>>> print(open('target18.cif').read())   # mmCIF, C-alpha atoms
data_my_file
loop_
_atom_site.label_atom_id
_atom_site.label_comp_id
_atom_site.auth_asym_id
_atom_site.auth_seq_id
_atom_site.Cartn_x
_atom_site.Cartn_y
_atom_site.Cartn_z
CA MET N 554 -42.70 -55.31 -23.43
CA ASP N 555 -42.41 -58.99 -22.39
CA GLN N 556 -41.03 -60.05 -25.78
CA LEU N 557 -38.02 -57.80 -25.21
CA SER N 558 -37.30 -58.68 -21.59
CA THR N 559 -34.99 -61.58 -22.38
CA PHE N 560 -32.63 -59.39 -24.46
CA ARG N 561 -30.12 -56.86 -23.19
CA PRO N 562 -31.27 -53.22 -23.23
CA LEU N 563 -29.85 -50.57 -25.52
CA VAL N 564 -27.74 -47.76 -24.08
CA LEU N 565 -28.68 -44.26 -25.24
CA THR N 566 -26.43 -41.25 -24.71
CA MET N 567 -28.02 -37.93 -23.81
CA GLY N 568 -25.90 -36.04 -26.36
CA GLU N 569 -25.49 -32.27 -26.11
CA PRO N 570 -27.62 -31.31 -23.07
CA ALA N 571 -28.50 -27.89 -24.54
CA GLY N 572 -29.87 -29.53 -27.69
CA ILE N 573 -32.92 -31.67 -28.40
CA GLY N 574 -31.37 -34.93 -27.20
CA PRO N 575 -33.18 -34.79 -23.84
CA ASP N 576 -36.43 -33.75 -25.58
CA VAL N 577 -36.51 -36.62 -28.06
CA THR N 578 -35.38 -39.13 -25.41
CA LEU N 579 -38.29 -38.19 -23.16
CA ALA N 580 -40.74 -38.22 -26.08
CA ALA N 581 -39.50 -41.60 -27.29
CA TRP N 582 -39.96 -43.20 -23.87
CA ALA N 583 -43.45 -41.67 -23.59
CA ALA N 584 -44.36 -43.30 -26.93
CA ARG N 585 -42.53 -46.58 -26.25
CA TYR N 586 -45.62 -48.76 -26.72
CA GLU N 587 -47.09 -46.81 -29.63
CA ARG N 588 -43.75 -46.93 -31.51
CA HIS N 589 -42.89 -50.49 -30.43
CA LEU N 590 -39.57 -49.44 -28.96
CA PRO N 591 -37.09 -51.84 -27.36
CA VAL N 592 -35.92 -51.43 -23.78
CA PHE N 593 -33.27 -48.76 -23.38
CA TYR N 594 -31.62 -46.74 -20.65
CA CYS N 595 -30.15 -43.27 -20.97
CA LEU N 596 -26.70 -42.24 -19.80
CA ALA N 597 -27.42 -38.71 -18.62
CA ASP N 598 -27.53 -36.21 -15.81
CA PRO N 599 -30.86 -37.07 -14.12
CA ASP N 600 -31.44 -33.46 -13.07
CA THR N 601 -31.09 -32.31 -16.68
CA MET N 602 -33.69 -34.82 -17.75
CA ARG N 603 -36.08 -33.78 -14.98
CA ARG N 604 -35.69 -30.09 -15.79
CA ARG N 605 -36.28 -30.71 -19.48
CA ALA N 606 -39.40 -32.79 -18.84
CA GLU N 607 -40.80 -29.96 -16.74
CA ARG N 608 -39.81 -27.38 -19.34
CA ILE N 609 -41.58 -29.13 -22.21
CA GLY N 610 -44.57 -29.90 -20.04
CA ILE N 611 -44.63 -33.69 -19.98
CA LYS N 612 -44.93 -35.68 -16.78
CA ILE N 613 -42.46 -38.53 -17.12
CA PRO N 614 -41.12 -40.42 -14.13
CA ILE N 615 -37.34 -40.70 -14.18
CA GLU N 616 -35.71 -43.50 -12.25
CA VAL N 617 -32.00 -43.60 -11.48
CA VAL N 618 -30.79 -47.14 -12.13
CA THR N 619 -27.78 -49.28 -12.89
CA PRO N 620 -27.66 -50.87 -16.36
CA ASP N 621 -28.79 -54.24 -15.06
CA GLU N 622 -31.84 -52.61 -13.42
CA ALA N 623 -32.97 -50.82 -16.58
CA ALA N 624 -35.18 -53.55 -18.03
CA ALA N 625 -37.21 -53.91 -14.84
CA ALA N 626 -37.71 -50.13 -14.59
CA PHE N 627 -38.53 -49.45 -18.23
CA ASP N 628 -42.28 -50.00 -18.03
CA ARG N 629 -42.80 -47.56 -15.16
CA ALA N 630 -40.12 -44.90 -15.71
CA LEU N 631 -37.40 -43.66 -18.01
CA PRO N 632 -34.31 -45.48 -16.71
CA VAL N 633 -31.38 -43.08 -16.33
CA VAL N 634 -27.89 -44.25 -15.44
CA PRO N 635 -26.28 -41.12 -13.94
CA LEU N 636 -23.10 -39.58 -15.25
CA GLU N 637 -20.40 -38.32 -12.92
CA ALA N 638 -20.49 -35.00 -14.77
CA HIS N 639 -23.40 -32.63 -14.18
CA SER N 640 -24.82 -30.12 -16.61
CA THR N 641 -26.35 -26.71 -16.02
CA ALA N 642 -26.81 -25.86 -19.71
CA GLU N 643 -30.13 -24.32 -20.64
CA PRO N 644 -31.92 -25.35 -23.86
CA GLY N 645 -30.35 -23.64 -26.86
CA LEU N 646 -27.38 -22.32 -24.85
CA PRO N 647 -24.47 -24.78 -25.04
CA GLU N 648 -21.74 -24.52 -22.43
CA ARG N 649 -18.15 -25.66 -22.76
CA ALA N 650 -18.40 -27.31 -19.33
CA SER N 651 -21.03 -29.71 -20.66
CA ALA N 652 -18.46 -31.35 -22.95
CA HIS N 653 -17.13 -33.53 -20.14
CA GLY N 654 -20.49 -35.20 -19.65
CA VAL N 655 -21.01 -35.63 -23.40
CA ILE N 656 -17.66 -37.38 -23.77
CA GLU N 657 -18.20 -39.44 -20.61
CA ALA N 658 -21.55 -40.70 -21.89
CA ILE N 659 -20.11 -41.88 -25.21
CA ALA N 660 -17.16 -43.65 -23.59
CA ARG N 661 -19.31 -45.29 -20.92
CA ALA N 662 -21.88 -46.43 -23.48
CA VAL N 663 -19.17 -48.23 -25.46
CA GLY N 664 -17.84 -49.69 -22.22
CA ASP N 665 -21.30 -50.97 -21.26
CA VAL N 666 -21.62 -52.85 -24.56
CA ARG N 667 -18.15 -54.33 -24.17
CA ALA N 668 -19.02 -55.43 -20.63
CA GLY N 669 -22.18 -57.15 -21.86
CA LEU N 670 -24.50 -54.74 -20.04
CA ALA N 671 -26.06 -53.37 -23.24
CA ALA N 672 -26.73 -54.78 -26.69
CA ALA N 673 -25.89 -51.70 -28.75
CA VAL N 674 -25.08 -47.99 -28.56
CA VAL N 675 -27.54 -45.32 -29.71
CA THR N 676 -26.23 -41.76 -29.61
CA ASN N 677 -28.09 -38.49 -29.46
CA PRO N 678 -26.58 -35.58 -31.42
CA ILE N 679 -23.58 -33.68 -30.10
CA ASN N 680 -22.22 -30.19 -30.72
CA LYS N 681 -18.73 -30.54 -32.18
CA LYS N 682 -17.74 -26.92 -31.52
CA ALA N 683 -18.48 -27.23 -27.80
CA LEU N 684 -16.36 -30.37 -27.65
CA VAL N 685 -13.46 -28.86 -29.60
CA ASP N 686 -13.54 -25.75 -27.40
CA ALA N 687 -13.18 -28.09 -24.40
CA GLY N 688 -10.13 -29.80 -25.90
CA PHE N 689 -11.74 -32.74 -27.70
CA GLN N 690 -9.07 -34.19 -30.00
CA HIS N 691 -11.21 -36.07 -32.54
CA PRO N 692 -12.78 -34.79 -35.79
CA GLY N 693 -16.21 -36.00 -34.72
CA HIS N 694 -18.44 -38.53 -33.02
CA THR N 695 -17.67 -41.36 -35.42
CA GLU N 696 -13.90 -41.00 -35.19
CA PHE N 697 -14.08 -41.02 -31.37
CA LEU N 698 -16.08 -44.24 -31.51
CA GLY N 699 -13.43 -45.71 -33.81
CA MET N 700 -10.76 -44.88 -31.24
CA LEU N 701 -12.81 -46.38 -28.40
CA SER N 702 -13.14 -49.60 -30.38
CA ALA N 703 -9.43 -50.24 -29.81
CA ALA N 704 -10.41 -51.62 -26.40
CA TRP N 705 -11.64 -54.75 -28.18
CA ASN N 706 -8.44 -55.75 -29.98
CA GLY N 707 -5.93 -52.96 -29.50
CA VAL N 708 -6.47 -51.45 -32.96
CA PRO N 709 -8.79 -48.49 -33.67
CA ALA N 710 -11.52 -49.36 -36.15
CA ARG N 711 -12.01 -47.71 -39.53
CA PRO N 712 -15.63 -46.57 -39.23
CA VAL N 713 -17.90 -46.41 -42.27
CA MET N 714 -20.96 -44.15 -42.18
CA MET N 715 -24.23 -45.45 -43.58
CA LEU N 716 -27.59 -43.69 -43.82
CA ALA N 717 -30.42 -46.21 -43.59
CA GLY N 718 -34.08 -45.48 -44.09
CA PRO N 719 -37.21 -47.07 -45.54
CA GLY N 720 -36.42 -47.70 -49.19
CA LEU N 721 -32.75 -46.70 -49.30
CA ARG N 722 -29.42 -47.37 -47.61
CA ALA N 723 -26.42 -45.32 -48.76
CA VAL N 724 -22.76 -45.10 -47.77
CA PRO N 725 -20.57 -42.09 -48.66
CA ALA N 726 -16.97 -43.17 -49.34
CA THR N 727 -15.76 -39.70 -48.37
CA ILE N 728 -17.64 -37.75 -45.72
CA HIS N 729 -17.02 -34.30 -44.26
CA VAL N 730 -14.62 -32.90 -46.85
CA PRO N 731 -14.97 -30.15 -49.47
CA ILE N 732 -16.19 -31.25 -52.89
CA SER N 733 -12.91 -30.02 -54.33
CA ALA N 734 -11.03 -32.59 -52.23
CA VAL N 735 -13.15 -35.60 -53.19
CA PRO N 736 -11.40 -36.66 -56.44
CA GLY N 737 -8.02 -36.74 -54.75
CA LEU N 738 -9.33 -38.79 -51.82
CA LEU N 739 -11.05 -41.42 -53.94
CA THR N 740 -8.67 -44.33 -54.33
CA GLU N 741 -9.12 -47.95 -55.30
CA SER N 742 -7.98 -49.02 -51.83
CA LEU N 743 -10.57 -46.75 -50.14
CA LEU N 744 -13.41 -48.13 -52.26
CA LEU N 745 -12.23 -51.71 -51.72
CA ALA N 746 -12.08 -51.30 -47.94
CA THR N 747 -15.48 -49.61 -47.86
CA GLY N 748 -17.10 -52.22 -50.11
CA ARG N 749 -15.71 -55.08 -48.02
CA THR N 750 -17.02 -53.51 -44.82
CA ILE N 751 -20.47 -53.04 -46.36
CA ASP N 752 -20.60 -56.63 -47.58
CA ARG N 753 -19.47 -58.09 -44.25
CA GLU N 754 -21.86 -56.07 -42.12
CA MET N 755 -24.85 -56.54 -44.39
CA ARG N 756 -24.37 -60.28 -43.93
CA GLN N 757 -23.59 -60.29 -40.22
CA ARG N 758 -25.86 -57.56 -38.88
CA PHE N 759 -28.57 -57.05 -41.49
CA GLY N 760 -29.13 -60.74 -42.23
CA ILE N 761 -28.67 -60.32 -46.00
CA ALA N 762 -27.02 -63.45 -47.36
CA ARG N 763 -25.70 -61.84 -50.56
CA PRO N 764 -25.80 -58.05 -50.37
CA ARG N 765 -26.18 -56.17 -53.65
CA ILE N 766 -24.01 -53.05 -53.72
CA ALA N 767 -24.72 -50.41 -56.37
CA VAL N 768 -21.64 -48.23 -56.85
CA ALA N 769 -22.24 -44.65 -57.96
CA GLY N 770 -20.04 -42.82 -60.41
CA LEU N 771 -18.37 -39.59 -59.43
CA ASN N 772 -18.99 -37.56 -62.54
CA PRO N 773 -22.17 -36.88 -64.56
CA HIS N 774 -23.18 -39.98 -66.53
CA ALA N 775 -20.40 -41.87 -64.68
CA GLY N 776 -17.83 -40.03 -66.76
CA GLU N 777 -19.42 -40.65 -70.18
CA GLY N 778 -16.45 -42.72 -71.32
CA GLY N 779 -13.93 -40.19 -70.04
CA VAL N 780 -15.54 -37.16 -71.63
CA MET N 781 -16.74 -35.85 -68.23
CA GLY N 782 -13.91 -37.02 -66.02
CA SER N 783 -11.45 -39.88 -65.67
CA GLU N 784 -12.11 -41.06 -62.12
CA ASP N 785 -14.97 -43.39 -62.99
CA ALA N 786 -12.92 -45.48 -65.41
CA ALA N 787 -9.54 -45.09 -63.71
CA VAL N 788 -10.51 -45.61 -60.04
CA ILE N 789 -14.10 -46.70 -59.50
CA ALA N 790 -14.44 -49.36 -62.22
CA PRO N 791 -11.24 -51.21 -61.21
CA ALA N 792 -12.40 -51.22 -57.57
CA VAL N 793 -15.76 -52.69 -58.59
CA ALA N 794 -13.97 -55.37 -60.64
CA ARG N 795 -11.80 -56.28 -57.65
CA LEU N 796 -14.83 -56.54 -55.37
CA GLN N 797 -16.56 -58.80 -57.90
CA ALA N 798 -13.45 -60.99 -58.10
CA GLU N 799 -13.69 -61.44 -54.32
CA GLY N 800 -17.25 -62.70 -54.65
CA ILE N 801 -18.93 -59.46 -53.60
CA ASP N 802 -22.05 -58.56 -55.57
CA ALA N 803 -21.04 -55.03 -56.51
CA PHE N 804 -21.87 -53.33 -59.80
CA GLY N 805 -21.16 -49.96 -61.39
CA PRO N 806 -20.09 -47.24 -61.67
CA LEU N 807 -23.64 -46.10 -62.32
CA ALA N 808 -24.85 -42.72 -63.49
CA PRO N 809 -25.75 -41.04 -60.18
CA ASP N 810 -28.81 -39.25 -61.57
CA THR N 811 -30.61 -42.48 -62.52
CA MET N 812 -29.86 -44.81 -59.60
CA PHE N 813 -32.13 -43.47 -56.87
CA HIS N 814 -35.65 -43.69 -58.30
CA ALA N 815 -37.87 -46.46 -56.94
CA GLU N 816 -37.35 -48.96 -59.77
CA ALA N 817 -33.57 -48.57 -59.63
CA ARG N 818 -33.48 -48.90 -55.82
CA ALA N 819 -35.26 -52.24 -56.05
CA ARG N 820 -32.14 -53.71 -57.70
CA TYR N 821 -29.76 -53.19 -54.78
CA ASP N 822 -29.48 -53.31 -51.00
CA VAL N 823 -26.93 -50.52 -50.49
CA ALA N 824 -25.65 -47.65 -52.62
CA LEU N 825 -21.94 -46.93 -52.30
CA CYS N 826 -21.63 -43.23 -53.09
CA MET N 827 -18.56 -41.12 -53.67
CA TYR N 828 -19.24 -38.12 -51.43
CA HIS N 829 -21.43 -36.83 -48.61
CA ASP N 830 -24.31 -35.17 -50.43
CA GLN N 831 -24.49 -37.85 -53.13
CA ALA N 832 -25.53 -40.26 -50.34
CA LEU N 833 -27.41 -37.98 -47.95
CA ILE N 834 -29.59 -36.02 -50.35
CA PRO N 835 -31.43 -39.09 -51.72
CA THR N 836 -31.76 -40.82 -48.32
CA LYS N 837 -33.21 -37.71 -46.69
CA THR N 838 -35.47 -37.08 -49.66
CA VAL N 839 -36.88 -40.60 -49.58
CA ALA N 840 -37.52 -40.68 -45.80
CA PHE N 841 -36.32 -37.60 -43.96
CA SER N 842 -37.76 -38.26 -40.52
CA GLU N 843 -37.06 -42.00 -40.49
CA THR N 844 -33.47 -42.09 -41.72
CA VAL N 845 -30.89 -43.45 -39.28
CA ASN N 846 -27.13 -42.96 -39.17
CA VAL N 847 -25.47 -46.38 -38.72
CA THR N 848 -21.74 -46.76 -38.15
CA LEU N 849 -20.33 -49.83 -39.88
CA GLY N 850 -16.88 -51.27 -39.20
CA LEU N 851 -17.03 -51.10 -35.39
CA PRO N 852 -16.89 -54.15 -33.10
CA PHE N 853 -20.20 -52.96 -31.64
CA ILE N 854 -23.47 -51.68 -33.09
CA ARG N 855 -24.02 -47.95 -33.13
CA THR N 856 -26.96 -46.03 -34.54
CA SER N 857 -27.97 -42.40 -34.25
CA PRO N 858 -30.83 -40.17 -35.34
CA ASP N 859 -29.95 -38.36 -38.54
CA HIS N 860 -30.34 -34.80 -37.27
CA GLY N 861 -28.38 -32.30 -35.27
CA THR N 862 -28.78 -30.59 -31.93
CA ALA N 863 -31.46 -28.17 -33.21
CA PHE N 864 -30.72 -25.53 -30.58
CA ASP N 865 -33.46 -23.30 -31.99
CA ILE N 866 -36.23 -25.68 -30.86
CA ALA N 867 -34.59 -27.31 -27.82
CA GLY N 868 -36.88 -27.17 -24.82
CA THR N 869 -39.93 -26.15 -26.85
CA GLY N 870 -41.52 -29.58 -27.23
CA LYS N 871 -41.45 -29.21 -31.04
CA ALA N 872 -38.68 -31.73 -31.73
CA ASP N 873 -39.71 -34.76 -33.79
CA PHE N 874 -38.46 -37.97 -32.16
CA SER N 875 -39.20 -40.18 -35.20
CA SER N 876 -35.54 -40.53 -36.19
CA LEU N 877 -34.52 -41.49 -32.65
CA ALA N 878 -37.33 -44.06 -32.51
CA ALA N 879 -36.11 -45.48 -35.82
CA ALA N 880 -32.52 -45.55 -34.51
CA LEU N 881 -33.60 -47.47 -31.40
CA ARG N 882 -35.60 -50.02 -33.39
CA LEU N 883 -32.82 -50.53 -35.92
CA ALA N 884 -30.15 -50.96 -33.23
CA ASP N 885 -32.28 -53.65 -31.61
CA GLU N 886 -32.85 -55.43 -34.93
CA LEU N 887 -29.16 -55.34 -35.81
CA ALA N 888 -28.19 -56.70 -32.39
CA ARG N 889 -30.63 -59.58 -32.79
CA HIS N 890 -29.41 -60.40 -36.29
CA GLU N 891 -25.82 -60.34 -35.07
CA ALA N 892 -26.72 -62.65 -32.19
CA ASP N 893 -28.38 -65.05 -34.66
CA HIS N 894 -25.34 -64.85 -36.94
CA LEU N 895 -22.90 -65.60 -34.12
CA ALA N 896 -25.10 -68.46 -32.98
CA GLY N 897 -25.00 -69.95 -36.46
CA ASN N 898 -28.66 -69.29 -37.16
CA THR N 899 -28.79 -68.38 -40.86
CA ASP N 900 -32.57 -68.36 -41.07
CA SER N 901 -33.07 -64.82 -39.79
CA ALA N 902 -35.13 -62.72 -42.14
CA ARG N 903 -33.68 -60.02 -44.40
CA LEU N 904 -34.11 -56.58 -42.88
CA SER N 905 -36.27 -54.43 -45.08
CA ALA N 906 -34.66 -51.32 -46.50
#
>>> encode(input="target18.cif", output="structure tokens")
Amino acid sequence: MDQLSTFRPLVLTMGEPAGIGPDVTLAAWAARYERHLPVFYCLADPDTMRRRAERIGIKIPIEVVTPDEAAAAFDRALPVVPLEAHSTAEPGLPERASAHGVIEAIARAVGDVRAGLAAAVVTNPINKKALVDAGFQHPGHTEFLGMLSAAWNGVPARPVMMLAGPGLRAVPATIHVPISAVPGLLTESLLLATGRTIDREMRQRFGIARPRIAVAGLNPHAGEGGVMGSEDAAVIAPAVARLQAEGIDAFGPLAPDTMFHAEARARYDVALCMYHDQALIPTKTVAFSETVNVTLGLPFIRTSPDHGTAFDIAGTGKADFSSLAAALRLADELARHEADHLAGNTDSARLSA
């Protein structure tokens, strides 16, 4: 781990304590050398982590630390920075009272990055219903992070969700909305803002000097000249033209059914898709267990495993930690590329898709 000791650790939130967040955190630390993981510390209730380790039958030392002690402890124990909130939730049985600790962990993680204590935020999955039942006022994790970003410059960020895995990165322009609402939400201004965010962050954080953005059509065959819908020609094509006029290497709209096979993917760095499943189905098909959720558009780096709380297997030891391991590695890589970018080092290598 010596090669990582000169860089700030990552901060990992425990997520929903009744879910698999504690399981995959423990498993990831146990495989830290095998999976070549960067140094991280977990914002969590230490007793929850100890109980879960005992429950799934793995002997992992847990050391309560401060963020600046995490790197020194990482080789010998899982470093846990304790939350003020405690959790009594059992695996698979979420409690409304746990929401306070979940929210505290997210807010403190963002604060640690802003204070220079951590290089990036990695979040374990949360249970939105438990948070809403406890009075949480945000639609989801990503929107809460956007609000927290206002601490940097007084203005909440406009987060952009990207799924990144080996062989494919994809961004949905619209996210958790019904299919019937998508056409009305797709505007030229939305696609312009999303395309600009993708281009900027691919340069700054992924080390890609000229990102290639493939823009998907909304309708079959990208509208077939208006025969199968007007949105492709009326909204998407003008947005692509505007992006090109700004010097952004965007092209499309492309027929969605022919842009995700291996030969097509080799021609671009990111796919800008029109709705949730158009982006998530191909990314999860290409690399289900290694796909990472990355939030673009924030003043800090945030990644997350691309799975939910999986209450049905929490505490059983069956949870696959591959996506969390990928999220930790990617967060570290992005933080290093950003540091190189800010230092004026333009020689950093392109991150492989």
>>> closest_residue(input="target18.cif", among="N:Ala840, N:Ala606, N:Cys826, N:Ala787", to="N:Ala583", atoms="all atoms listed in the file")
N:Ala606
>>> residues_around(input="target18.cif", residues="N:Thr619", least_positions_apart="2", cutoff="6 Å", atoms="all atoms listed in the file", output="PyMOL selection string")
chain N and resi 621-622+634
>>> resolve_selection(input="target18.cif", expression="the PyMOL selection byres ((chain N and resi 638) around 9)", output="ChimeraX atom specification")
/N:597-598,635-637,639-640,651,653-655,657
>>> atom_distance(input="target18.cif", atom1="atom CA of N:Gly699", atom2="atom CA of N:Thr676")
14.0 Å
>>> atom_distance(input="target18.cif", atom1="atom CA of N:Ala626", atom2="atom CA of N:Pro678")
24.9 Å
>>> resolve_selection(input="target18.cif", expression="the PyMOL selection byres ((chain N and resi 630) around 12)", output="ChimeraX atom specification")
/N:579,582-583,585,592-595,603,612-618,622-629,631-633
>>> closest_residue(input="target18.cif", among="N:Ala832, N:Ile573, N:Leu698, N:Val674", to="N:Leu881", atoms="only C-alpha atoms")
N:Val674
>>> resolve_selection(input="target18.cif", expression="the PyMOL selection byres ((chain N and resi 718) around 10)", output="list of chain:residue names")
N:Met715, N:Leu716, N:Ala717, N:Pro719, N:Gly720, N:Leu721, N:Arg722, N:Ala723, N:Thr836, N:Lys837, N:Val839, N:Ala840, N:Phe841, N:Ser842, N:Glu843, N:Thr844, N:Val845, N:Asn846, N:Asp859, N:Ser876, N:Ala879, N:Ala880, N:Leu883, N:Ser905, N:Ala906
>>> atom_distance(input="target18.cif", atom1="atom CA of N:Gln690", atom2="atom CA of N:Thr578")
27.2 Å
>>> decode(input="target18.cif", residues="stretch 648-730 of chain N", atoms="C-alpha atoms", output="CSV table (one decimal), in the first residue's frame")
chain,number,residue,atom,x,y,z
N,648,GLU,CA,-35.7,1.1,10.6
N,649,ARG,CA,-36.8,4.7,10.2
N,650,ALA,CA,-34.5,5.7,13.1
N,651,SER,CA,-31.5,4.6,11.0
N,652,ALA,CA,-32.1,7.5,8.5
N,653,HIS,CA,-30.4,10.0,10.7
N,654,GLY,CA,-27.1,8.1,10.5
N,655,VAL,CA,-27.5,7.6,6.8
N,656,ILE,CA,-28.0,11.3,6.2
N,657,GLU,CA,-25.2,12.3,8.6
N,658,ALA,CA,-22.7,10.0,6.8
N,659,ILE,CA,-23.4,11.6,3.4
N,660,ALA,CA,-23.2,15.1,4.7
N,661,ARG,CA,-20.0,14.4,6.7
N,662,ALA,CA,-18.4,12.7,3.7
N,663,VAL,CA,-18.9,15.7,1.6
N,664,GLY,CA,-17.6,17.9,4.4
N,665,ASP,CA,-14.5,15.8,4.7
N,666,VAL,CA,-13.7,16.3,1.0
N,667,ARG,CA,-14.3,20.0,1.2
N,668,ALA,CA,-12.0,20.2,4.3
N,669,GLY,CA,-9.2,18.3,2.4
N,670,LEU,CA,-9.4,15.3,4.7
N,671,ALA,CA,-10.5,12.9,1.9
N,672,ALA,CA,-9.9,12.8,-1.9
N,673,ALA,CA,-13.4,11.7,-3.0
N,674,VAL,CA,-16.7,10.4,-1.8
N,675,VAL,CA,-17.8,6.8,-2.3
N,676,THR,CA,-21.3,6.0,-1.2
N,677,ASN,CA,-22.9,2.7,-0.3
N,678,PRO,CA,-26.6,2.2,-1.3
N,679,ILE,CA,-29.4,3.8,0.7
N,680,ASN,CA,-33.1,3.0,1.1
N,681,LYS,CA,-35.1,6.0,-0.2
N,682,LYS,CA,-38.3,4.9,1.5
N,683,ALA,CA,-36.7,4.8,4.9
N,684,LEU,CA,-35.3,8.3,4.4
N,685,VAL,CA,-38.6,9.7,3.1
N,686,ASP,CA,-40.4,8.2,6.0
N,687,ALA,CA,-38.0,10.0,8.3
N,688,GLY,CA,-38.7,13.4,6.7
N,689,PHE,CA,-35.9,13.4,4.0
N,690,GLN,CA,-36.8,16.2,1.6
N,691,HIS,CA,-34.8,15.2,-1.5
N,692,PRO,CA,-35.8,13.0,-4.4
N,693,GLY,CA,-32.7,10.8,-3.9
N,694,HIS,CA,-29.0,10.5,-3.1
N,695,THR,CA,-27.8,12.4,-6.1
N,696,GLU,CA,-30.1,15.4,-5.5
N,697,PHE,CA,-29.0,15.6,-1.9
N,698,LEU,CA,-25.3,15.6,-3.0
N,699,GLY,CA,-26.2,18.5,-5.4
N,700,MET,CA,-27.6,20.5,-2.5
N,701,LEU,CA,-24.6,19.8,-0.3
N,702,SER,CA,-22.4,21.1,-3.1
N,703,ALA,CA,-23.7,24.6,-2.5
N,704,ALA,CA,-21.2,24.8,0.4
N,705,TRP,CA,-18.5,25.3,-2.3
N,706,ASN,CA,-19.9,28.4,-4.0
N,707,GLY,CA,-23.3,29.0,-2.7
N,708,VAL,CA,-25.2,27.5,-5.6
N,709,PRO,CA,-26.5,23.9,-5.7
N,710,ALA,CA,-24.9,21.8,-8.5
N,711,ARG,CA,-26.9,20.2,-11.3
N,712,PRO,CA,-25.7,16.6,-11.0
N,713,VAL,CA,-25.4,14.3,-14.0
N,714,MET,CA,-25.6,10.6,-13.6
N,715,MET,CA,-23.1,8.4,-15.5
N,716,LEU,CA,-22.8,4.6,-15.5
N,717,ALA,CA,-19.2,3.6,-16.1
N,718,GLY,CA,-17.9,0.1,-16.7
N,719,PRO,CA,-15.3,-1.8,-18.7
N,720,GLY,CA,-16.2,-1.1,-22.3
N,721,LEU,CA,-19.0,1.4,-21.9
N,722,ARG,CA,-19.8,4.7,-20.2
N,723,ALA,CA,-23.4,6.0,-20.6
N,724,VAL,CA,-25.3,9.1,-19.3
N,725,PRO,CA,-29.1,9.2,-19.2
N,726,ALA,CA,-30.4,12.7,-19.9
N,727,THR,CA,-33.5,12.0,-18.0
N,728,ILE,CA,-33.4,9.6,-15.0
N,729,HIS,CA,-36.1,8.4,-12.7
N,730,VAL,CA,-39.2,9.4,-14.6
